[in-house]
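J.: My structure file work.cif, mmCIF, C-alpha atoms and all ligand atoms, is below:
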```
data_query
#
loop_
_atom_site.label_atom_id
_atom_site.label_comp_id
_atom_site.auth_asym_id
_atom_site.auth_seq_id
_atom_site.Cartn_x
_atom_site.Cartn_y
_atom_site.Cartn_z
CA MET A 1 41.63 25.42 3.75
CA THR A 2 40.87 24.23 7.28
CA GLN A 3 39.18 26.77 9.50
CA GLN A 4 38.20 26.79 13.16
CA TYR A 5 34.79 27.70 14.53
CA THR A 6 32.99 27.70 17.85
CA ILE A 7 29.42 26.39 17.68
CA ALA A 8 27.02 28.99 19.06
CA ARG A 9 23.69 27.15 18.90
CA LEU A 10 21.66 24.44 17.20
CA GLY A 11 19.37 25.27 14.28
CA HIS A 12 15.89 23.87 13.78
CA GLN A 13 17.27 20.85 11.91
CA GLY A 14 19.58 20.04 14.85
CA ASP A 15 22.70 21.27 13.00
CA GLY A 16 25.35 23.18 14.94
CA ILE A 17 25.60 26.81 13.80
CA ALA A 18 28.69 29.01 14.13
CA ASP A 19 28.90 32.73 13.34
CA GLY A 20 28.64 33.36 9.63
CA PRO A 21 26.33 31.49 9.69
CA ILE A 22 28.29 28.29 9.13
CA PHE A 23 26.36 25.04 9.52
CA ALA A 24 28.13 22.07 11.11
CA PRO A 25 25.99 18.93 11.34
CA ARG A 26 26.30 16.78 14.44
CA THR A 27 28.08 19.34 16.56
CA LEU A 28 26.93 20.91 19.83
CA PRO A 29 26.90 24.40 21.33
CA GLY A 30 30.26 25.39 22.84
CA GLU A 31 32.25 22.90 20.76
CA VAL A 32 35.36 24.09 18.96
CA VAL A 33 35.45 22.44 15.55
CA THR A 34 37.64 22.58 12.45
CA GLY A 35 36.88 21.73 8.84
CA GLY A 36 36.68 22.97 5.27
CA VAL A 37 34.00 25.44 4.23
CA GLU A 38 31.78 24.83 1.20
CA GLY A 39 29.30 27.67 0.91
CA GLN A 40 27.78 27.87 4.38
CA GLN A 41 28.54 24.24 5.21
CA LEU A 42 31.45 22.95 7.27
CA THR A 43 32.79 19.67 5.85
CA ASP A 44 35.25 17.01 7.10
CA ILE A 45 34.48 18.18 10.60
CA ARG A 46 36.87 17.46 13.49
CA ILE A 47 35.73 18.09 17.03
CA GLU A 48 38.67 19.84 18.72
CA THR A 49 36.96 20.57 22.04
CA PRO A 50 33.92 18.34 22.70
CA SER A 51 30.93 19.50 24.71
CA ASP A 52 30.18 17.86 28.07
CA ASP A 53 26.83 16.99 26.47
CA ARG A 54 28.47 14.88 23.74
CA VAL A 55 27.87 11.13 24.09
CA LYS A 56 28.79 8.04 22.11
CA PRO A 57 25.85 7.46 19.72
CA PRO A 58 24.00 4.37 20.93
CA CYS A 59 23.30 3.10 17.40
CA ARG A 60 26.08 1.74 15.21
CA HIS A 61 24.29 3.01 12.08
CA TYR A 62 24.24 6.65 13.22
CA LYS A 63 27.29 7.74 11.24
CA ALA A 64 25.78 6.88 7.85
CA CYS A 65 22.02 6.82 8.52
CA GLY A 66 19.84 9.91 8.11
CA GLY A 67 17.09 8.56 10.38
CA CYS A 68 18.43 10.29 13.52
CA GLN A 69 20.04 13.71 13.94
CA LEU A 70 20.86 13.98 17.65
CA GLN A 71 22.31 10.70 18.91
CA HIS A 72 25.61 12.46 19.62
CA ALA A 73 23.87 14.54 22.32
CA SER A 74 22.91 13.40 25.82
CA ASP A 75 19.25 12.78 26.63
CA PRO A 76 19.08 15.73 29.09
CA PHE A 77 20.57 18.04 26.45
CA VAL A 78 18.03 16.99 23.80
CA ALA A 79 15.19 17.28 26.31
CA ALA A 80 16.21 20.82 27.34
CA TRP A 81 16.78 21.83 23.69
CA LYS A 82 13.31 20.69 22.61
CA VAL A 83 11.57 22.46 25.49
CA ASP A 84 13.61 25.59 24.68
CA ILE A 85 12.48 25.49 21.03
CA VAL A 86 8.86 25.79 22.20
CA ARG A 87 9.70 28.39 24.84
CA ALA A 88 11.58 30.50 22.25
CA ALA A 89 8.80 30.20 19.64
CA LEU A 90 6.31 31.48 22.23
CA ALA A 91 8.67 34.24 23.41
CA ALA A 92 8.98 35.43 19.79
CA GLN A 93 5.19 36.01 19.93
CA GLY A 94 5.45 37.74 23.31
CA ILE A 95 4.07 34.79 25.30
CA GLU A 96 5.49 33.23 28.45
CA ALA A 97 4.04 29.96 29.74
CA GLU A 98 4.72 27.21 32.24
CA MET A 99 6.62 24.38 30.51
CA ARG A 100 5.97 20.97 32.02
CA PRO A 101 8.80 18.41 32.04
CA ILE A 102 9.14 16.80 28.61
CA HIS A 103 7.79 13.30 27.97
CA THR A 104 10.15 11.29 25.73
CA SER A 105 9.18 7.97 24.13
CA PRO A 106 11.61 5.14 24.91
CA PRO A 107 14.01 3.72 22.30
CA SER A 108 12.67 0.91 20.07
CA SER A 109 9.07 2.15 20.34
CA ARG A 110 8.29 3.45 16.83
CA ARG A 111 5.29 1.52 15.55
CA ARG A 112 5.35 2.87 12.02
CA ALA A 113 8.19 3.55 9.59
CA THR A 114 8.69 4.09 5.89
CA ILE A 115 11.47 1.88 4.62
CA ALA A 116 13.24 2.79 1.37
CA VAL A 117 13.96 -0.23 -0.83
CA ARG A 118 15.93 -0.37 -4.05
CA ARG A 119 16.43 -3.36 -6.27
CA THR A 120 20.07 -4.18 -6.87
CA LYS A 121 21.88 -6.70 -9.07
CA LYS A 122 22.19 -9.00 -6.07
CA GLY A 123 18.67 -8.56 -4.73
CA THR A 124 17.53 -5.56 -2.69
CA LEU A 125 18.85 -2.85 -0.42
CA ALA A 126 16.45 -1.71 2.33
CA GLY A 127 16.72 0.83 5.13
CA PHE A 128 16.59 4.58 5.73
CA HIS A 129 17.98 7.25 3.44
CA GLY A 130 21.49 8.30 4.37
CA ARG A 131 22.34 11.73 5.68
CA ALA A 132 21.28 14.29 3.04
CA SER A 133 21.53 11.70 0.28
CA ASP A 134 19.62 9.16 -1.75
CA VAL A 135 21.93 6.37 -0.62
CA ILE A 136 20.04 3.76 1.39
CA THR A 137 21.59 2.70 4.72
CA GLU A 138 20.70 -0.73 6.06
CA ILE A 139 19.46 -0.57 9.67
CA PRO A 140 19.42 -4.08 11.17
CA ASP A 141 20.23 -2.71 14.66
CA CYS A 142 18.10 0.47 14.49
CA HIS A 143 17.32 1.89 17.95
CA LEU A 144 14.14 3.67 16.85
CA LEU A 145 11.89 0.94 15.50
CA ALA A 146 9.91 -1.45 17.68
CA PRO A 147 11.46 -4.93 17.43
CA GLU A 148 8.45 -6.32 15.49
CA LEU A 149 8.82 -3.50 12.97
CA LEU A 150 12.54 -4.08 12.59
CA ALA A 151 11.87 -7.76 12.05
CA ALA A 152 9.49 -6.84 9.21
CA ILE A 153 12.08 -5.23 6.92
CA PRO A 154 12.44 -8.50 4.92
CA VAL A 155 8.74 -8.08 4.03
CA ALA A 156 9.58 -4.76 2.37
CA GLU A 157 12.44 -6.45 0.52
CA ALA A 158 10.24 -9.29 -0.70
CA LEU A 159 7.67 -6.80 -2.04
CA ALA A 160 10.42 -4.87 -3.85
CA VAL A 161 11.59 -8.04 -5.57
CA LEU A 162 8.07 -8.53 -6.92
CA GLY A 163 7.04 -4.99 -7.71
CA GLY A 164 9.98 -2.59 -7.46
CA SER A 165 11.14 -1.02 -10.71
CA ARG A 166 14.85 -1.29 -11.54
CA LYS A 167 15.46 2.44 -11.28
CA GLY A 168 13.08 3.75 -8.65
CA ILE A 169 13.10 3.56 -4.87
CA LEU A 170 10.11 1.91 -3.26
CA ALA A 171 8.67 3.59 -0.15
CA VAL A 172 7.22 0.82 2.02
CA THR A 173 5.27 2.07 5.05
CA LEU A 174 5.07 -0.61 7.72
CA THR A 175 2.63 -0.16 10.60
CA LEU A 176 2.08 -2.49 13.52
CA SER A 177 -1.57 -3.29 14.17
CA SER A 178 -3.40 -5.68 16.46
CA ALA A 179 -3.99 -7.97 13.46
CA GLY A 180 -0.39 -7.99 12.25
CA LEU A 181 1.54 -5.89 9.79
CA ASP A 182 -0.27 -3.17 7.82
CA VAL A 183 1.74 -2.41 4.66
CA SER A 184 1.31 0.48 2.24
CA VAL A 185 3.66 0.78 -0.75
CA GLN A 186 4.30 3.83 -2.91
CA GLY A 187 6.46 4.14 -6.02
CA GLY A 188 6.26 0.56 -7.29
CA LYS A 189 5.55 -0.78 -10.77
CA PRO A 190 2.07 -0.02 -12.12
CA LEU A 191 -0.37 -2.78 -11.22
CA ASP A 192 -1.44 -5.34 -13.77
CA GLY A 193 -3.15 -8.73 -13.38
CA PRO A 194 -0.04 -10.87 -12.83
CA LEU A 195 1.58 -8.36 -10.43
CA GLU A 196 -1.64 -8.06 -8.41
CA ALA A 197 -1.84 -11.83 -8.15
CA SER A 198 1.79 -12.24 -7.05
CA LEU A 199 1.51 -9.41 -4.50
CA ALA A 200 -1.71 -10.86 -3.06
CA GLN A 201 0.00 -14.23 -2.78
CA ALA A 202 3.00 -12.62 -1.03
CA ALA A 203 0.62 -10.91 1.43
CA GLU A 204 -0.86 -14.33 2.23
CA GLN A 205 2.53 -16.02 2.59
CA GLN A 206 3.92 -13.24 4.79
CA GLY A 207 0.77 -13.20 6.93
CA LEU A 208 0.17 -9.47 6.35
CA ALA A 209 -2.99 -7.96 7.81
CA ARG A 210 -3.31 -5.69 4.76
CA LEU A 211 -1.33 -4.76 1.68
CA ALA A 212 -2.00 -1.54 -0.26
CA TRP A 213 -0.18 -0.60 -3.48
CA ASP A 214 -0.23 3.08 -4.46
CA GLY A 215 -3.35 3.48 -2.30
CA GLU A 216 -5.19 0.45 -3.70
CA VAL A 217 -5.90 -2.34 -1.22
CA LEU A 218 -4.72 -5.61 -2.80
CA ALA A 219 -5.14 -7.92 0.15
CA MET A 220 -6.90 -7.67 3.50
CA ARG A 221 -6.59 -10.86 5.51
CA ASN A 222 -7.67 -9.09 8.71
CA PRO A 223 -8.64 -5.46 9.32
CA PRO A 224 -5.47 -3.76 10.68
CA TYR A 225 -7.10 -2.40 13.82
CA GLN A 226 -5.67 0.31 16.06
CA GLN A 227 -7.13 0.53 19.56
CA PHE A 228 -8.38 4.03 20.47
CA GLY A 229 -9.92 3.85 23.95
CA ALA A 230 -12.78 1.32 23.90
CA ALA A 231 -12.93 1.32 20.09
CA LYS A 232 -10.87 -0.31 17.42
CA VAL A 233 -10.41 1.42 14.10
CA ALA A 234 -8.96 0.22 10.80
CA PRO A 235 -7.36 3.39 9.37
CA PRO A 236 -7.24 3.81 5.59
CA PRO A 237 -3.89 2.77 4.07
CA GLY A 238 -1.09 5.22 4.93
CA ALA A 239 -3.39 7.41 7.07
CA PHE A 240 -1.89 9.48 9.89
CA LEU A 241 -1.13 7.64 13.12
CA GLN A 242 0.83 8.94 16.13
CA ALA A 243 4.38 7.58 15.74
CA THR A 244 4.55 5.70 19.05
CA LYS A 245 1.85 4.20 21.25
CA ASP A 246 3.67 5.77 24.20
CA GLY A 247 3.57 9.25 22.62
CA GLU A 248 -0.08 8.81 21.74
CA ALA A 249 -0.84 7.88 25.37
CA ALA A 250 1.07 10.93 26.65
CA LEU A 251 -0.76 13.30 24.29
CA LEU A 252 -4.12 11.69 25.08
CA SER A 253 -3.72 11.87 28.86
CA THR A 254 -2.72 15.54 28.53
CA VAL A 255 -5.76 16.26 26.36
CA GLN A 256 -8.00 14.36 28.80
CA GLU A 257 -6.64 16.44 31.69
CA ILE A 258 -7.31 19.68 29.80
CA VAL A 259 -10.91 18.87 28.80
CA ALA A 260 -11.83 16.98 32.01
CA GLY A 261 -15.47 17.51 32.99
CA SER A 262 -16.53 18.70 29.51
CA LYS A 263 -19.79 17.21 28.32
CA LYS A 264 -19.67 18.42 24.72
CA ILE A 265 -16.37 18.38 22.84
CA VAL A 266 -15.41 19.24 19.27
CA ASP A 267 -12.30 17.43 17.99
CA LEU A 268 -10.79 19.29 15.02
CA PHE A 269 -8.30 17.61 12.64
CA ALA A 270 -9.56 14.44 14.30
CA GLY A 271 -7.87 11.86 12.05
CA CYS A 272 -9.27 8.38 12.74
CA GLY A 273 -10.32 9.25 16.29
CA THR A 274 -7.13 9.01 18.36
CA PHE A 275 -8.66 11.55 20.77
CA SER A 276 -12.38 11.47 19.86
CA LEU A 277 -12.92 7.80 20.70
CA PRO A 278 -11.29 7.79 24.17
CA LEU A 279 -12.97 11.13 24.98
CA ALA A 280 -16.36 9.64 24.05
CA ALA A 281 -16.17 7.52 27.21
CA ASP A 282 -17.30 10.66 29.08
CA ALA A 283 -18.46 13.24 26.54
CA GLU A 284 -20.38 13.71 23.32
CA VAL A 285 -17.90 14.42 20.54
CA HIS A 286 -18.19 16.03 17.13
CA ALA A 287 -15.12 14.95 15.11
CA VAL A 288 -14.09 17.00 12.08
CA GLU A 289 -11.38 15.90 9.66
CA GLY A 290 -10.47 16.74 6.05
CA GLU A 291 -10.04 13.19 4.79
CA PRO A 292 -13.44 11.42 4.35
CA THR A 293 -11.91 7.92 4.47
CA MET A 294 -10.63 8.74 7.95
CA THR A 295 -13.97 10.04 9.27
CA GLN A 296 -15.59 6.88 7.86
CA ALA A 297 -13.08 4.69 9.69
CA LEU A 298 -13.69 6.67 12.90
CA ASP A 299 -17.46 6.34 12.53
CA GLN A 300 -17.22 2.60 11.92
CA GLY A 301 -14.99 2.20 14.98
CA TRP A 302 -17.51 4.08 17.11
CA ARG A 303 -20.44 2.00 15.81
CA MET A 304 -18.69 -1.26 16.69
CA ALA A 305 -17.66 -0.11 20.19
CA GLN A 306 -19.68 -0.59 23.37
CA GLY A 307 -20.51 1.98 26.01
CA LEU A 308 -19.39 5.18 24.28
CA LYS A 309 -21.34 8.42 24.18
CA ARG A 310 -22.44 9.75 20.80
CA ILE A 311 -19.82 10.73 18.20
CA THR A 312 -20.82 12.61 15.06
CA THR A 313 -18.31 13.01 12.23
CA GLU A 314 -17.86 15.55 9.48
CA ALA A 315 -15.41 15.55 6.55
CA ARG A 316 -14.48 19.17 6.06
CA ASP A 317 -11.52 21.25 4.93
CA LEU A 318 -10.81 23.31 8.05
CA PHE A 319 -8.37 25.60 6.24
CA ARG A 320 -11.03 26.75 3.77
CA ARG A 321 -14.16 26.16 5.84
CA PRO A 322 -13.31 26.41 9.52
CA LEU A 323 -16.09 25.78 12.06
CA MET A 324 -17.89 29.09 12.63
CA PRO A 325 -18.82 30.57 16.02
CA ASP A 326 -22.49 29.59 15.65
CA GLU A 327 -21.39 25.96 15.13
CA LEU A 328 -19.36 26.10 18.33
CA ARG A 329 -22.15 27.36 20.58
CA LYS A 330 -22.77 25.24 23.71
CA VAL A 331 -19.46 23.43 23.15
CA ASP A 332 -17.52 22.99 26.42
CA ALA A 333 -14.11 22.25 24.91
CA VAL A 334 -12.30 22.06 21.59
CA VAL A 335 -9.42 19.71 20.83
CA LEU A 336 -7.26 20.92 17.96
CA ASP A 337 -4.47 18.88 16.32
CA PRO A 338 -3.63 20.48 12.97
CA PRO A 339 -0.85 19.53 10.53
CA ARG A 340 2.43 21.49 10.47
CA ALA A 341 0.82 24.55 8.85
CA GLY A 342 -1.17 25.16 12.04
CA ALA A 343 -4.77 26.35 12.03
CA ASP A 344 -4.90 30.12 11.61
CA ALA A 345 -8.31 30.23 9.87
CA GLN A 346 -9.85 27.94 12.49
CA VAL A 347 -8.18 29.77 15.37
CA ALA A 348 -9.60 33.09 14.13
CA GLU A 349 -13.12 31.59 14.45
CA LEU A 350 -12.33 30.00 17.83
CA ALA A 351 -11.21 33.40 19.05
CA GLN A 352 -14.66 34.73 18.14
CA ALA A 353 -16.54 31.71 19.50
CA GLN A 354 -15.01 31.93 22.98
CA VAL A 355 -15.27 28.18 23.69
CA PRO A 356 -14.20 27.97 27.37
CA VAL A 357 -11.45 25.34 27.01
CA ILE A 358 -9.04 24.53 24.17
CA ALA A 359 -6.56 21.64 24.05
CA TYR A 360 -4.10 22.46 21.26
CA VAL A 361 -1.86 19.59 20.07
CA SER A 362 0.88 20.63 17.68
CA CYS A 363 3.78 19.19 15.69
CA ASN A 364 5.18 22.62 14.83
CA PRO A 365 6.15 25.04 17.62
CA VAL A 366 6.33 28.01 15.21
CA THR A 367 2.75 27.76 13.88
CA PHE A 368 1.56 26.81 17.36
CA ALA A 369 3.06 29.99 18.81
CA ARG A 370 1.49 32.08 16.02
CA ASP A 371 -1.94 30.55 16.77
CA ALA A 372 -1.38 30.89 20.53
CA LYS A 373 -0.82 34.62 20.06
CA ALA A 374 -4.22 34.95 18.35
CA LEU A 375 -5.92 33.05 21.19
CA VAL A 376 -4.19 35.09 23.89
CA ALA A 377 -5.19 38.29 22.08
CA ALA A 378 -8.80 37.03 22.17
CA GLY A 379 -8.74 36.64 25.97
CA TYR A 380 -7.40 33.11 26.46
CA THR A 381 -4.73 32.18 28.98
CA LEU A 382 -2.09 29.69 27.96
CA ASN A 383 -1.93 27.76 31.23
CA TRP A 384 0.91 25.35 30.45
CA VAL A 385 2.61 23.40 27.68
CA GLN A 386 3.51 19.71 27.74
CA VAL A 387 6.26 18.88 25.24
CA VAL A 388 6.08 15.30 23.95
CA ASP A 389 9.03 13.76 22.11
CA GLN A 390 7.91 10.72 20.17
CA PHE A 391 10.53 11.38 17.48
CA ARG A 392 13.47 10.61 19.72
CA TRP A 393 16.90 11.71 18.44
CA SER A 394 15.30 13.82 15.70
CA ALA A 395 14.91 17.60 15.56
CA HIS A 396 11.13 17.20 15.61
CA THR A 397 9.15 18.61 18.57
CA GLU A 398 5.51 18.03 19.52
CA LEU A 399 3.37 19.43 22.29
CA ALA A 400 -0.04 19.70 23.90
CA ALA A 401 -1.16 22.98 25.44
CA SER A 402 -3.95 24.07 27.77
CA PHE A 403 -5.90 27.27 26.96
CA THR A 404 -8.81 28.60 28.97
CA LEU A 405 -10.71 31.85 28.81
CA SER A 406 -9.01 34.15 31.27
CA HIS A 407 -11.88 34.28 33.76
CA ILE A 408 -11.77 30.45 34.03
CA SER A 409 -8.78 28.96 35.86
CA GLY A 410 -6.81 26.23 34.03
C1 LIG B 1 -1.49 15.79 13.08
S1 LIG B 1 -2.78 14.85 12.34
C2 LIG B 1 -3.78 14.55 13.73
C3 LIG B 1 -4.81 13.48 13.60
C4 LIG B 1 -5.46 12.99 14.91
N1 LIG B 1 -5.81 14.08 15.80
C5 LIG B 1 -4.55 11.98 15.59
O1 LIG B 1 -3.99 12.31 16.65
O2 LIG B 1 -4.42 10.86 15.10
C6 LIG B 1 -3.58 16.12 11.44
C7 LIG B 1 -4.84 15.70 10.74
O3 LIG B 1 -5.35 16.84 10.03
C8 LIG B 1 -5.92 16.40 8.81
N2 LIG B 1 -5.92 17.58 7.92
C9 LIG B 1 -4.90 18.09 7.19
N3 LIG B 1 -5.30 19.19 6.53
C10 LIG B 1 -6.60 19.38 6.85
C11 LIG B 1 -7.57 20.37 6.48
N4 LIG B 1 -7.26 21.37 5.66
N5 LIG B 1 -8.82 20.27 7.00
C12 LIG B 1 -9.13 19.27 7.85
N6 LIG B 1 -8.25 18.30 8.22
C13 LIG B 1 -7.01 18.37 7.73
C14 LIG B 1 -5.03 15.26 8.37
O4 LIG B 1 -5.71 14.39 7.48
C15 LIG B 1 -4.70 14.59 9.71
O5 LIG B 1 -5.60 13.57 10.00
#
```
Go through the file and emit its structure as structure tokens.

T.:
Amino acid sequence: MTQQYTIARLGHQGDGIADGPIFAPRTLPGEVVTGGVEGQQLTDIRIETPSDDRVKPPCRHYKACGGCQLQHASDPFVAAWKVDIVRAALAAQGIEAEMRPIHTSPPSSRRRATIAVRRTKKGTLAGFHGRASDVITEIPDCHLLAPELLAAIPVAEALAVLGGSRKGILAVTLTLSSAGLDVSVQGGKPLDGPLEASLAQAAEQQGLARLAWDGEVLAMRNPPYQQFGAAKVAPPPGAFLQATKDGEAALLSTVQEIVAGSKKIVDLFAGCGTFSLPLAADAEVHAVEGEPTMTQALDQGWRMAQGLKRITTEARDLFRRPLMPDELRKVDAVVLDPPRAGADAQVAELAQAQVPVIAYVSCNPVTFARDAKALVAAGYTLNWVQVVDQFRWSAHTELAASFTLSHISG
């Protein structure tokens, strides 16, 4: 039976939510919609009264593709919604802070993507997973990926022909690097001699910088360097990298502003040195990261670079063994960029250590707000928050925030 609802708000996945709650994907607050109800889900949705914020999705794949969630909303709407998510997460912890205008990465700027590839009777099918399904949608005109990345989808297809199993879906992570395409494949056939040889040959023919198969490097024609400040780093296959160069630059300049003038910096959850290496132009940095292959890559990048101050690295699980107050003595500033779970154990020690300045970079407003509450309770002021949207048209929100001890102005 068809029922009518008015959308009250968007949920954290970007779905419209009406009283009930009833979830209506790809609707906007204020819209009157009709459809059938299955459980808490509205299906076969018709927009009876569209919102003024509704726009024609720029990408022709949007209807079927699950890669984007918010192309039906105007840019100003998405911008305001993302800033509000952070504001509301902080308010739920009793914190009010200045929100700087959002920085949004331009279309066609994603430098890394995981392409799903399935072998079919005719050849291969490659693209993104469809909306809430395992169906693969082809994306030849995708508005997210950088043009060079989009042009590399045939590489993923060629690898699936060689090493994709008939039943499984291959996950092919393509990353742009200064030396060409860096490719890391998961879910393929188990390696044996002939497969290794044919994949290595394909890497040569396709001019790949590197090819890794289930974590094992099969071919490295050139190290797939990423430039971090004055240093270039070859990250381990599949290692974390900020999704767009533009977003990385926005986060970095915010972090640099927060820690400006610091002589001794600790970079926690440092990855391959996205922040540590540029910061080492002006400060000594101790970089701590859980994954030893990443700290090794960072260290190698630092050793090859000219003119940087000293960087020391440490591979350490910061959830189980956070840096303790006595290890943070004489440190001017801490940069903190944890995964989605946040950094409650580390923040508890930071609260004790009273490092004067903290730059907190986060990909999860909820855990960020929880950690912010602990810092504020320990005497820090949250000076301002810069929201950065490098996952354009998704429900994902990132940010960088400035904390200083209350007697120091931010
Ligand atoms: C959001 S990434 C940030 C990396 C880096 N700051 C950058 O911008 O490229 C989070 C990092 O935390 C690391 N990580 C995850 N869990 C960790 C843990 N328990 N202890 C230390 N590092 C961890 C991941 O390997 C990853 O490099």

J.: Here is a test: counting only C-alpha atoms and all ligand atoms, which residue of A:Ser394, A:Thr313, A:Thr274, A:Thr381 is nearest to ligand LIG 1 (chain B)?

T.: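 Ranking A:Ser394, A:Thr313, A:Thr274, A:Thr381 by distance to ligand LIG 1 (chain B), first place goes to A:Thr274.
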
J.: Distance table requested - chain A against ligand LIG 1 (chain B), cut-off 9 Å, all atoms listed in the file: one row per qualifying residue with the closest atom pair and its distance in Å to one decimal, ordered by chain and rising residue number, as a Markdown table.

T.:
```
| residue | atom | partner | partner_atom | distance |
| --- | --- | --- | --- | --- |
| A:Ala239 | CA | B:LIG1 | O5 | 7.2 |
| A:Phe240 | CA | B:LIG1 | O5 | 5.5 |
| A:Leu241 | CA | B:LIG1 | O2 | 5.0 |
| A:Gln242 | CA | B:LIG1 | O2 | 5.7 |
| A:Glu248 | CA | B:LIG1 | O1 | 7.3 |
| A:Leu251 | CA | B:LIG1 | O1 | 8.4 |
| A:Leu252 | CA | B:LIG1 | O1 | 8.5 |
| A:Asp267 | CA | B:LIG1 | N1 | 7.6 |
| A:Leu268 | CA | B:LIG1 | N1 | 7.2 |
| A:Phe269 | CA | B:LIG1 | O3 | 4.0 |
| A:Ala270 | CA | B:LIG1 | N1 | 4.1 |
| A:Gly271 | CA | B:LIG1 | O5 | 3.5 |
| A:Cys272 | CA | B:LIG1 | O2 | 5.9 |
| A:Gly273 | CA | B:LIG1 | O2 | 6.2 |
| A:Thr274 | CA | B:LIG1 | O2 | 4.6 |
| A:Phe275 | CA | B:LIG1 | N1 | 6.3 |
| A:Ser276 | CA | B:LIG1 | N1 | 8.2 |
| A:Val288 | CA | B:LIG1 | C12 | 6.9 |
| A:Glu289 | CA | B:LIG1 | N6 | 4.2 |
| A:Gly290 | CA | B:LIG1 | C12 | 3.4 |
| A:Glu291 | CA | B:LIG1 | O4 | 5.2 |
| A:Pro292 | CA | B:LIG1 | O4 | 8.9 |
| A:Met294 | CA | B:LIG1 | O5 | 7.3 |
| A:Ala315 | CA | B:LIG1 | C12 | 7.4 |
| A:Arg316 | CA | B:LIG1 | C12 | 5.6 |
| A:Asp317 | CA | B:LIG1 | N5 | 3.5 |
| A:Leu318 | CA | B:LIG1 | N5 | 3.8 |
| A:Phe319 | CA | B:LIG1 | N4 | 4.4 |
| A:Arg320 | CA | B:LIG1 | N4 | 6.8 |
| A:Arg321 | CA | B:LIG1 | N5 | 8.0 |
| A:Pro322 | CA | B:LIG1 | N5 | 8.0 |
| A:Val335 | CA | B:LIG1 | N1 | 8.4 |
| A:Leu336 | CA | B:LIG1 | N1 | 7.3 |
| A:Asp337 | CA | B:LIG1 | N1 | 5.0 |
| A:Pro338 | CA | B:LIG1 | C6 | 4.6 |
| A:Pro339 | CA | B:LIG1 | C6 | 4.5 |
| A:Arg340 | CA | B:LIG1 | C1 | 7.4 |
| A:Ala341 | CA | B:LIG1 | N3 | 8.5 |
| A:Ala343 | CA | B:LIG1 | N4 | 8.5 |
| A:Val361 | CA | B:LIG1 | C1 | 8.0 |
| A:Ser362 | CA | B:LIG1 | C1 | 7.1 |
| A:Cys363 | CA | B:LIG1 | C1 | 6.8 |
```

J.: Please identify all polymer residues within 7 Å of stretch 83-99 of chain A, counting all atoms listed in the file, omitting same-chain residues fewer than 3 positions from it, and present them as a list in words.

T.: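 In the requested format, the answer is Ala79, Ala80, Ile102, Pro365, Val366, Ala369, Arg370, Lys373, Leu382, Asn383, Trp384, Val385, Gln386 and Val387 of chain A.
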
J.: For the atom pair atom CA of A:Ala171 and atom CA of A:Gly247, what is the interatomic distance in Å to one decimal place?

T.: 24.0 Å

J.: Please compute the atom CA of A:Leu162-atom CA of A:Ala219 distance, one decimal, in Å.

T.: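 About the pair atom CA of A:Leu162 and atom CA of A:Ala219: they are 15.0 Å apart.
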
J.: Taking all atoms listed in the file into account, name the residue in A:Pro224, A:Pro140, A:Gly193, A:Gly342 that is nearest to A:Arg60.

T.: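 Selected residue with least distance to A:Arg60: A:Pro140.
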
J.: So how far away is atom CA of A:Leu28 from atom CA of A:Gly66, in Å?

T.: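 Rounded to one decimal, the two atoms are 17.6 Å apart.
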
J.: Please work out which residues fall within 10 Å of (27.6, 12.6, 26.9), coordinates as given in the file, with all atoms listed in the file counting, and return them as a PDB file with C-alpha atoms, keeping the file's coordinate frame.

T.:
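What ended up in selection_11.pdb:
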```
ATOM      1  CA  PRO A  50      33.920  18.340  22.700  1.00  0.00           C
ATOM      2  CA  SER A  51      30.930  19.500  24.710  1.00  0.00           C
ATOM      3  CA  ASP A  52      30.180  17.860  28.070  1.00  0.00           C
ATOM      4  CA  ASP A  53      26.830  16.990  26.470  1.00  0.00           C
ATOM      5  CA  ARG A  54      28.470  14.880  23.740  1.00  0.00           C
ATOM      6  CA  VAL A  55      27.870  11.130  24.090  1.00  0.00           C
ATOM      7  CA  LYS A  56      28.790   8.040  22.110  1.00  0.00           C
ATOM      8  CA  PRO A  57      25.850   7.460  19.720  1.00  0.00           C
ATOM      9  CA  GLN A  71      22.310  10.700  18.910  1.00  0.00           C
ATOM     10  CA  HIS A  72      25.610  12.460  19.620  1.00  0.00           C
ATOM     11  CA  ALA A  73      23.870  14.540  22.320  1.00  0.00           C
ATOM     12  CA  SER A  74      22.910  13.400  25.820  1.00  0.00           C
ATOM     13  CA  ASP A  75      19.250  12.780  26.630  1.00  0.00           C
ATOM     14  CA  PRO A  76      19.080  15.730  29.090  1.00  0.00           C
ATOM     15  CA  PHE A  77      20.570  18.040  26.450  1.00  0.00           C
TER      16      PHE A  77
END
```

J.: List as number ranges by chain the protein and nucleic acid residues near A:Asp326, meaning an atom at most 12 Å away when all atoms listed in the file are counted, but skip any in the same chain fewer than 6 places from it.

T.: A: 349-350, 352-355

J.: Would you give me, as a tab-separated table, each residue of stretch 289-323 of chain A having an atom within 7 Å of an atom of stretch 227-235 of chain A, along with its shortest atom pair and that distance in Å to one decimal, using only C-alpha atoms and sorting by chain and residue number?

T.:
```
residue	atom	partner	partner_atom	distance
A:Met294	CA	A:Pro235	CA	6.4
A:Ala297	CA	A:Pro235	CA	5.9
A:Leu298	CA	A:Val233	CA	6.3
A:Gly301	CA	A:Val233	CA	4.7
A:Trp302	CA	A:Ala231	CA	6.1
A:Ala305	CA	A:Ala231	CA	4.9
```

J.: Excluding A:Pro190 and residues on its chain fewer than 2 positions from it, collect all residues at most 12 Å away from it, counting all atoms listed in the file, and give them as JSON, numbers by chain.

T.: {"A": [162, 163, 164, 165, 185, 186, 187, 188, 192, 193, 194, 195, 196, 213, 214, 215, 216]}
